[in-house]
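K.L.:
Sharing my_file_23.cif (mmCIF, C-alpha atoms) below.
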data_protein
loop_
_atom_site.group_PDB
_atom_site.id
_atom_site.type_symbol
_atom_site.label_atom_id
_atom_site.label_comp_id
_atom_site.auth_asym_id
_atom_site.auth_seq_id
_atom_site.Cartn_x
_atom_site.Cartn_y
_atom_site.Cartn_z
ATOM 1 C CA MET A 1 -4.465 -1.658 -48.299
ATOM 2 C CA ALA A 2 -1.334 -0.083 -49.833
ATOM 3 C CA ALA A 3 2.022 -1.105 -48.399
ATOM 4 C CA ALA A 4 2.987 2.376 -47.162
ATOM 5 C CA PRO A 5 -0.185 2.991 -45.101
ATOM 6 C CA LEU A 6 0.032 -0.561 -43.734
ATOM 7 C CA LEU A 7 3.635 -0.047 -42.622
ATOM 8 C CA ALA A 8 2.675 3.250 -41.047
ATOM 9 C CA LEU A 9 -0.162 1.565 -39.145
ATOM 10 C CA VAL A 10 2.148 -1.191 -37.874
ATOM 11 C CA ALA A 11 4.737 1.389 -36.804
ATOM 12 C CA PHE A 12 2.057 3.411 -34.980
ATOM 13 C CA ALA A 13 0.794 0.325 -33.109
ATOM 14 C CA ALA A 14 4.335 -0.678 -32.157
ATOM 15 C CA ALA A 15 5.041 2.825 -30.881
ATOM 16 C CA GLY A 16 1.851 2.683 -28.803
ATOM 17 C CA ARG A 17 2.868 -0.641 -27.266
ATOM 18 C CA ALA A 18 6.319 0.683 -26.484
ATOM 19 C CA ALA A 19 4.879 3.766 -24.833
ATOM 20 C CA ALA A 20 2.496 1.647 -22.772
ATOM 21 C CA GLN A 21 5.405 -0.495 -21.561
ATOM 22 C CA GLU A 22 7.537 2.441 -20.476
ATOM 23 C CA PRO A 23 7.737 2.650 -16.669
ATOM 24 C CA SER A 24 5.972 5.612 -15.132
ATOM 25 C CA GLN A 25 8.026 8.391 -13.604
ATOM 26 C CA PRO A 26 8.393 8.179 -9.803
ATOM 27 C CA ILE A 27 6.172 10.541 -7.831
ATOM 28 C CA PRO A 28 8.086 12.105 -4.919
ATOM 29 C CA LEU A 29 6.241 12.109 -1.610
ATOM 30 C CA PRO A 30 6.276 14.803 1.079
ATOM 31 C CA GLU A 31 9.002 14.085 3.605
ATOM 32 C CA ALA A 32 7.845 11.981 6.537
ATOM 33 C CA ARG A 33 7.585 13.763 9.866
ATOM 34 C CA HIS A 34 9.622 12.278 12.698
ATOM 35 C CA GLU A 35 7.796 14.173 15.447
ATOM 36 C CA GLY A 36 4.086 14.772 15.962
ATOM 37 C CA THR A 37 1.623 16.412 18.287
ATOM 38 C CA MET A 38 0.223 13.165 19.760
ATOM 39 C CA SER A 39 2.157 10.953 22.153
ATOM 40 C CA LEU A 40 2.448 7.216 21.604
ATOM 41 C CA GLU A 41 0.288 6.625 24.666
ATOM 42 C CA ALA A 42 -2.433 8.917 23.313
ATOM 43 C CA ALA A 43 -2.331 7.143 19.933
ATOM 44 C CA LEU A 44 -2.717 3.782 21.671
ATOM 45 C CA TRP A 45 -5.683 5.144 23.591
ATOM 46 C CA ALA A 46 -7.264 6.571 20.428
ATOM 47 C CA ARG A 47 -6.763 3.483 18.236
ATOM 48 C CA ARG A 48 -10.030 2.014 16.965
ATOM 49 C CA SER A 49 -11.171 -0.110 14.025
ATOM 50 C CA ILE A 50 -13.063 2.339 11.794
ATOM 51 C CA ARG A 51 -15.387 1.269 8.984
ATOM 52 C CA GLU A 52 -17.287 4.468 8.227
ATOM 53 C CA PHE A 53 -15.546 7.358 6.508
ATOM 54 C CA LYS A 54 -16.337 10.893 5.482
ATOM 55 C CA PRO A 55 -16.057 11.548 1.721
ATOM 56 C CA ASP A 56 -13.279 14.117 2.299
ATOM 57 C CA ALA A 57 -10.072 13.597 0.355
ATOM 58 C CA ILE A 58 -6.990 12.920 2.449
ATOM 59 C CA PRO A 59 -3.865 15.065 1.962
ATOM 60 C CA LEU A 60 -0.946 13.538 0.086
ATOM 61 C CA ALA A 61 1.232 14.297 3.126
ATOM 62 C CA ALA A 62 -1.030 12.109 5.286
ATOM 63 C CA ALA A 63 -0.857 9.259 2.770
ATOM 64 C CA ALA A 64 2.924 9.614 2.688
ATOM 65 C CA GLN A 65 3.103 9.471 6.476
ATOM 66 C CA LEU A 66 1.020 6.286 6.574
ATOM 67 C CA LEU A 67 3.193 4.615 3.934
ATOM 68 C CA TRP A 68 6.327 5.601 5.828
ATOM 69 C CA ALA A 69 4.842 4.203 9.044
ATOM 70 C CA ALA A 70 4.079 0.923 7.261
ATOM 71 C CA GLN A 71 7.442 0.267 5.580
ATOM 72 C CA GLY A 72 9.417 3.499 5.410
ATOM 73 C CA LYS A 73 13.132 3.790 5.933
ATOM 74 C CA ASN A 74 14.183 5.053 9.379
ATOM 75 C CA ARG A 75 17.953 4.528 9.183
ATOM 76 C CA PRO A 76 20.584 5.292 6.534
ATOM 77 C CA ASP A 77 21.338 1.577 6.113
ATOM 78 C CA GLY A 78 17.819 0.933 4.763
ATOM 79 C CA HIS A 79 16.229 -0.600 7.848
ATOM 80 C CA ARG A 80 12.548 0.226 8.203
ATOM 81 C CA THR A 81 9.971 1.462 10.681
ATOM 82 C CA ALA A 82 8.469 -2.040 11.069
ATOM 83 C CA PRO A 83 10.711 -4.916 12.182
ATOM 84 C CA SER A 84 11.414 -7.912 9.980
ATOM 85 C CA ALA A 85 13.240 -11.059 11.069
ATOM 86 C CA MET A 86 16.776 -11.066 9.677
ATOM 87 C CA ALA A 87 15.817 -7.866 7.801
ATOM 88 C CA VAL A 88 14.470 -9.812 4.821
ATOM 89 C CA TYR A 89 11.545 -7.348 4.400
ATOM 90 C CA PRO A 90 9.133 -9.546 2.434
ATOM 91 C CA LEU A 91 6.386 -6.907 2.301
ATOM 92 C CA GLU A 92 5.453 -4.615 -0.563
ATOM 93 C CA VAL A 93 2.973 -1.809 0.125
ATOM 94 C CA TYR A 94 0.705 -0.151 -2.430
ATOM 95 C CA LEU A 95 -1.400 2.974 -2.146
ATOM 96 C CA VAL A 96 -4.796 2.528 -3.811
ATOM 97 C CA ALA A 97 -5.826 6.141 -4.325
ATOM 98 C CA GLY A 98 -9.422 7.132 -4.895
ATOM 99 C CA SER A 99 -9.554 10.579 -3.336
ATOM 100 C CA VAL A 100 -6.061 11.700 -2.387
ATOM 101 C CA GLU A 101 -5.184 15.363 -2.885
ATOM 102 C CA GLY A 102 -2.720 15.886 -5.716
ATOM 103 C CA LEU A 103 -2.813 12.252 -6.864
ATOM 104 C CA ALA A 104 -4.814 10.775 -9.742
ATOM 105 C CA PRO A 105 -6.885 7.663 -8.913
ATOM 106 C CA GLY A 106 -4.800 4.547 -9.338
ATOM 107 C CA VAL A 107 -2.715 1.858 -7.681
ATOM 108 C CA TYR A 108 0.781 2.999 -6.742
ATOM 109 C CA ARG A 109 3.727 0.961 -5.477
ATOM 110 C CA TYR A 110 5.492 2.536 -2.502
ATOM 111 C CA ARG A 111 9.297 2.454 -2.637
ATOM 112 C CA SER A 112 10.733 2.759 0.854
ATOM 113 C CA ALA A 113 14.330 3.345 -0.223
ATOM 114 C CA THR A 114 13.427 6.544 -2.077
ATOM 115 C CA HIS A 115 10.105 7.381 -0.327
ATOM 116 C CA ASP A 116 8.182 7.746 -3.555
ATOM 117 C CA LEU A 117 5.420 6.154 -5.602
ATOM 118 C CA VAL A 118 5.386 4.412 -8.975
ATOM 119 C CA LEU A 119 2.104 3.911 -10.813
ATOM 120 C CA ALA A 120 1.159 0.241 -11.150
ATOM 121 C CA GLN A 121 -2.345 0.679 -12.612
ATOM 122 C CA ALA A 122 -4.342 3.790 -13.446
ATOM 123 C CA GLY A 123 -7.981 4.228 -12.443
ATOM 124 C CA ASP A 124 -10.064 3.881 -9.308
ATOM 125 C CA LYS A 125 -9.669 0.252 -8.160
ATOM 126 C CA ARG A 126 -11.096 0.528 -4.621
ATOM 127 C CA ALA A 127 -14.357 -1.320 -5.253
ATOM 128 C CA GLU A 128 -12.733 -3.950 -7.458
ATOM 129 C CA LEU A 129 -10.074 -4.826 -4.898
ATOM 130 C CA THR A 130 -12.291 -4.944 -1.822
ATOM 131 C CA ALA A 131 -15.572 -6.477 -3.072
ATOM 132 C CA SER A 132 -15.945 -10.238 -2.977
ATOM 133 C CA PRO A 133 -16.481 -11.744 -6.447
ATOM 134 C CA GLY A 134 -20.115 -11.500 -7.500
ATOM 135 C CA ARG A 135 -21.046 -9.125 -4.692
ATOM 136 C CA PRO A 136 -21.636 -5.348 -4.752
ATOM 137 C CA PRO A 137 -18.983 -2.964 -3.375
ATOM 138 C CA GLY A 138 -18.953 -2.777 0.412
ATOM 139 C CA TRP A 139 -18.044 -0.102 2.919
ATOM 140 C CA ALA A 140 -14.323 -0.211 2.123
ATOM 141 C CA ALA A 141 -14.910 1.211 -1.369
ATOM 142 C CA SER A 142 -15.989 4.498 0.228
ATOM 143 C CA ALA A 143 -12.628 5.056 1.924
ATOM 144 C CA PRO A 144 -10.570 7.760 0.165
ATOM 145 C CA ALA A 145 -7.578 5.412 0.018
ATOM 146 C CA LEU A 146 -6.452 1.882 0.754
ATOM 147 C CA LEU A 147 -3.079 0.588 1.835
ATOM 148 C CA LEU A 148 -2.587 -2.764 0.140
ATOM 149 C CA PHE A 149 -0.134 -5.237 1.678
ATOM 150 C CA ALA A 150 1.516 -7.862 -0.491
ATOM 151 C CA ALA A 151 4.242 -10.350 0.344
ATOM 152 C CA VAL A 152 7.057 -11.903 -1.644
ATOM 153 C CA PRO A 153 7.211 -15.374 -0.041
ATOM 154 C CA ASP A 154 10.504 -16.281 -1.723
ATOM 155 C CA ARG A 155 12.333 -13.699 0.374
ATOM 156 C CA VAL A 156 11.244 -15.498 3.541
ATOM 157 C CA SER A 157 11.307 -19.128 2.406
ATOM 158 C CA ARG A 158 14.942 -18.836 1.337
ATOM 159 C CA ARG A 159 15.855 -17.924 4.919
ATOM 160 C CA PHE A 160 13.232 -19.682 7.066
ATOM 161 C CA GLY A 161 11.979 -22.612 4.974
ATOM 162 C CA ALA A 162 8.859 -24.266 6.390
ATOM 163 C CA ARG A 163 8.375 -21.451 8.909
ATOM 164 C CA ALA A 164 8.005 -18.816 6.177
ATOM 165 C CA GLU A 165 4.247 -18.318 6.665
ATOM 166 C CA ARG A 166 4.770 -17.598 10.359
ATOM 167 C CA PHE A 167 7.250 -14.837 9.593
ATOM 168 C CA LEU A 168 5.068 -13.357 6.846
ATOM 169 C CA ALA A 169 2.195 -13.051 9.324
ATOM 170 C CA MET A 170 4.494 -11.373 11.834
ATOM 171 C CA ASP A 171 5.676 -8.811 9.286
ATOM 172 C CA VAL A 172 2.133 -7.899 8.260
ATOM 173 C CA GLY A 173 1.104 -7.559 11.901
ATOM 174 C CA HIS A 174 4.007 -5.246 12.703
ATOM 175 C CA ALA A 175 3.320 -3.007 9.699
ATOM 176 C CA ALA A 176 -0.445 -2.923 10.220
ATOM 177 C CA GLN A 177 -0.134 -1.846 13.852
ATOM 178 C CA ASN A 178 2.197 0.965 12.790
ATOM 179 C CA VAL A 179 -0.493 2.141 10.363
ATOM 180 C CA TYR A 180 -3.201 1.919 13.034
ATOM 181 C CA LEU A 181 -1.209 4.133 15.389
ATOM 182 C CA GLN A 182 -0.090 6.582 12.711
ATOM 183 C CA ALA A 183 -3.678 6.931 11.502
ATOM 184 C CA ALA A 184 -4.835 7.675 15.053
ATOM 185 C CA ALA A 185 -2.116 10.311 15.419
ATOM 186 C CA LEU A 186 -3.272 11.955 12.165
ATOM 187 C CA GLY A 187 -6.941 11.964 13.164
ATOM 188 C CA LEU A 188 -7.728 9.290 10.560
ATOM 189 C CA GLY A 189 -9.415 5.922 10.868
ATOM 190 C CA THR A 190 -8.594 2.491 9.489
ATOM 191 C CA THR A 191 -8.976 -1.229 10.030
ATOM 192 C CA PHE A 192 -7.296 -4.312 8.606
ATOM 193 C CA MET A 193 -9.223 -6.420 6.079
ATOM 194 C CA GLY A 194 -8.033 -9.919 5.286
ATOM 195 C CA LEU A 195 -11.131 -10.910 3.291
ATOM 196 C CA VAL A 196 -10.487 -9.194 -0.019
ATOM 197 C CA ASN A 197 -10.717 -9.958 -3.733
ATOM 198 C CA ASP A 198 -7.551 -12.008 -4.222
ATOM 199 C CA SER A 199 -8.042 -12.483 -7.963
ATOM 200 C CA ALA A 200 -8.414 -8.728 -8.502
ATOM 201 C CA MET A 201 -5.374 -8.084 -6.350
ATOM 202 C CA THR A 202 -3.174 -10.417 -8.349
ATOM 203 C CA ARG A 203 -3.943 -8.314 -11.436
ATOM 204 C CA VAL A 204 -2.293 -5.244 -9.885
ATOM 205 C CA LEU A 205 0.555 -6.893 -7.982
ATOM 206 C CA GLY A 206 4.010 -7.637 -9.274
ATOM 207 C CA ALA A 207 5.282 -11.082 -10.252
ATOM 208 C CA GLY A 208 5.706 -13.414 -7.302
ATOM 209 C CA GLU A 209 3.693 -11.221 -4.929
ATOM 210 C CA GLN A 210 0.938 -12.620 -2.714
ATOM 211 C CA PRO A 211 -1.978 -10.471 -1.453
ATOM 212 C CA MET A 212 -2.130 -10.213 2.332
ATOM 213 C CA GLY A 213 -4.850 -7.638 3.003
ATOM 214 C CA VAL A 214 -5.821 -3.978 2.824
ATOM 215 C CA MET A 215 -6.338 -1.116 5.255
ATOM 216 C CA PRO A 216 -8.983 1.404 4.126
ATOM 217 C CA VAL A 217 -8.108 4.891 5.386
ATOM 218 C CA GLY A 218 -10.111 8.076 5.782
ATOM 219 C CA LYS A 219 -11.579 10.599 8.185
ATOM 220 C CA PRO A 220 -13.968 8.837 10.585
ATOM 221 C CA ARG A 221 -17.629 9.807 10.455
#
Starting from the file, lay out its structure as structure tokens.
P.N.:
Amino acid sequence: MAAAPLLALVAFAAAGRAAAQEPSQPIPLPEARHEGTMSLEAALWARRSIREFKPDAIPLAAAAQLLWAAQGKNRPDGHRTAPSAMAVYPLEVYLVAGSVEGLAPGVYRYRSATHDLVLAQAGDKRAELTASPGRPPGWAASAPALLLFAAVPDRVSRRFGARAERFLAMDVGHAAQNVYLQAAALGLGTTFMGLVNDSAMTRVLGAGEQPMGVMPVGKPR
């Protein structure tokens, strides 16, 4: 091969790699509502663990509301809707979109400080993330979206040492219950799944993040 075409090919490949490494542009989310039509007591009464979903896409505004309920900012100083001991906030939340209006299928990191999404991986990953290795996709793959919870243990261990796991579990529990109640208030269903495909999850998470579970979300059948 001549030198000029070879150099051009190398330059083209390098440009492709550079483009692939460029961070995706943030996707703004609809503003979270601070008032709704259902009381807290009614949401508690309506809360159920739902495992069967209609195929209907969920609105982006509903997905945004669920993310805000999980880890959104509710004060100017950055504190969030779910409590965290000493405000270390070890959780990271991802939206795994399969059928969300106005959003291409993919895995998106939720950023609470700016209430937006950043693409982590393109493509429909619902079945891959929820099916046990070597087994066919289960019921969770039919949910229009998943909320994926990950933890950064270093944030907790630096403050709490040997008790870090205890505080991680508390944070996930707080956030998950917020999602349960917000889903009920929106007329959606969900449940928390701890048995997920950890190896598949580590391929979409950031460095130092540990998978904690997912919450499939959709309209109940």
K.L.:
So, counting all atoms listed in the file, which residue among A:Met215, A:Arg163, A:Phe192, A:Ala184 is closest to Ala85 of chain A?
P.N.:
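Among the listed residues, the smallest separation from Ala85 of chain A belongs to A:Arg163.
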K.L.:
Translate the PyMOL selection byres ((chain A and resi 149) around 8), as applied to the file shown, into an explicit residue set as a list in words.
P.N.:
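Applied to this file, the PyMOL selection byres ((chain A and resi 149) around 8) selects Leu91, Glu92, Val93, Tyr94, Leu147, Leu148, Ala150, Ala151, Val172, Pro211, Met212, Gly213 and Val214 of chain A.
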K.L.:
Taking all atoms of segment 30-41 of chain A that the file lists and extending 3 Å past them on each side, where is the centre of the axis-aligned box and how long are its edges? Answer in Å to one decimal, as AutoDock Vina command-line options.
P.N.:
--center_x 4.9 --center_y 11.5 --center_z 12.9 --size_x 15.4 --size_y 15.8 --size_z 29.6
K.L.:
Run the PyMOL selection byres ((chain A and resi 69) around 10) on the file and write out the hits as a VMD selection string.
P.N.:
chain A and resid 32 to 33 63 to 68 70 to 74 80 to 82 175 to 183
K.L.:
Taking the file as shown, what set of residues would the PyMOL selection byres ((chain A and resi 30) around 8) give back, as a list in words?
P.N.:
Pro28, Leu29, Glu31, Ala32, Leu60, Ala61 and Ala64 of chain A
K.L.:
Go ahead and find all residues with at least one atom no further than 8 Å from (-3.3, 6.2, -1.4) in the file's coordinates, using only C-alpha atoms; report them as a PyMOL selection string.
P.N.:
chain A and resi 60+63+94-100+107-108+144-147
K.L.:
Write to file, as a PDB file, keeping the file's coordinate frame, the residues of the selection just made, with C-alpha atoms.
P.N.:
ATOM      1  CA  LEU A  60      -0.946  13.538   0.086  1.00  0.00           C
ATOM      2  CA  ALA A  63      -0.857   9.259   2.770  1.00  0.00           C
ATOM      3  CA  TYR A  94       0.705  -0.151  -2.430  1.00  0.00           C
ATOM      4  CA  LEU A  95      -1.400   2.974  -2.146  1.00  0.00           C
ATOM      5  CA  VAL A  96      -4.796   2.528  -3.811  1.00  0.00           C
ATOM      6  CA  ALA A  97      -5.826   6.141  -4.325  1.00  0.00           C
ATOM      7  CA  GLY A  98      -9.422   7.132  -4.895  1.00  0.00           C
ATOM      8  CA  SER A  99      -9.554  10.579  -3.336  1.00  0.00           C
ATOM      9  CA  VAL A 100      -6.061  11.700  -2.387  1.00  0.00           C
ATOM     10  CA  VAL A 107      -2.715   1.858  -7.681  1.00  0.00           C
ATOM     11  CA  TYR A 108       0.781   2.999  -6.742  1.00  0.00           C
ATOM     12  CA  PRO A 144     -10.570   7.760   0.165  1.00  0.00           C
ATOM     13  CA  ALA A 145      -7.578   5.412   0.018  1.00  0.00           C
ATOM     14  CA  LEU A 146      -6.452   1.882   0.754  1.00  0.00           C
ATOM     15  CA  LEU A 147      -3.079   0.588   1.835  1.00  0.00           C
TER      16      LEU A 147
END
K.L.:
Tell me, in Å to one decimal, how far atom CA of Glu35 of chain A is from atom CA of Leu103 of chain A.
P.N.:
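Separating atom CA of Glu35 of chain A from atom CA of Leu103 of chain A is a distance of 24.8 Å.
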K.L.:
Residues at most 7 Å from Thr191 of chain A, counting all atoms listed in the file, excluding those fewer than 6 positions away in the same chain, as a count of residues only?
P.N.:
5
K.L.:
So which residues touch Arg221 of chain A within 12 Å, counting all atoms listed in the file, skipping near sequence neighbours fewer than 2 positions away, as a list of chain:residue names?
P.N.:
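So, after excluding close chain neighbours, the residues are A:Ile50, A:Arg51, A:Glu52, A:Phe53, A:Lys54, A:Pro55, A:Asp56, A:Ser142, A:Ala143, A:Gly187, A:Leu188, A:Gly189, A:Thr190, A:Val217, A:Gly218, A:Lys219.
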K.L.:
So which one's closest to Thr114 of chain A, A:Ile27, A:Pro59, A:Leu195, A:Arg166? Using only C-alpha atoms, please.
P.N.:
A:Ile27
K.L.:
So what do you get for atom CA of Gln210 of chain A versus atom CA of Glu128 of chain A, distance-wise?
P.N.:
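Between atom CA of Gln210 of chain A and atom CA of Glu128 of chain A the gap is 16.9 Å.
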K.L.:
Which residues come within 10 Å of Asn197 of chain A, counting all atoms listed in the file, excluding same-chain residues fewer than 2 positions away, as a PyMOL selection string?
P.N.:
chain A and resi 127-133+194-195+199-202+211+213
K.L.:
Could those residues be written to a file, using C-alpha atoms, as a PDB file, keeping the file's coordinate frame?
P.N.:
ATOM      1  CA  ALA A 127     -14.357  -1.320  -5.253  1.00  0.00           C
ATOM      2  CA  GLU A 128     -12.733  -3.950  -7.458  1.00  0.00           C
ATOM      3  CA  LEU A 129     -10.074  -4.826  -4.898  1.00  0.00           C
ATOM      4  CA  THR A 130     -12.291  -4.944  -1.822  1.00  0.00           C
ATOM      5  CA  ALA A 131     -15.572  -6.477  -3.072  1.00  0.00           C
ATOM      6  CA  SER A 132     -15.945 -10.238  -2.977  1.00  0.00           C
ATOM      7  CA  PRO A 133     -16.481 -11.744  -6.447  1.00  0.00           C
ATOM      8  CA  GLY A 194      -8.033  -9.919   5.286  1.00  0.00           C
ATOM      9  CA  LEU A 195     -11.131 -10.910   3.291  1.00  0.00           C
ATOM     10  CA  SER A 199      -8.042 -12.483  -7.963  1.00  0.00           C
ATOM     11  CA  ALA A 200      -8.414  -8.728  -8.502  1.00  0.00           C
ATOM     12  CA  MET A 201      -5.374  -8.084  -6.350  1.00  0.00           C
ATOM     13  CA  THR A 202      -3.174 -10.417  -8.349  1.00  0.00           C
ATOM     14  CA  PRO A 211      -1.978 -10.471  -1.453  1.00  0.00           C
ATOM     15  CA  GLY A 213      -4.850  -7.638   3.003  1.00  0.00           C
TER      16      GLY A 213
END
K.L.:
Return the single residue from A:Ser24, A:Met86, A:Ala185, A:Lys125 that is closest to Glu41 of chain A, with distances computed using only C-alpha atoms.
P.N.:
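Of A:Ser24, A:Met86, A:Ala185, A:Lys125, the one nearest Glu41 of chain A is A:Ala185, counting only C-alpha atoms.
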K.L.:
Could you work out how far atom CA of Leu205 of chain A lies from atom CA of Pro137 of chain A, giving the answer in Å with one decimal?
P.N.:
20.5 Å
K.L.:
Could you pull the residues within 7 Å of Gly123 of chain A, counting all atoms listed in the file, minus those fewer than 2 positions along the same chain, as number ranges by chain?
P.N.:
A: 105-106, 121, 125
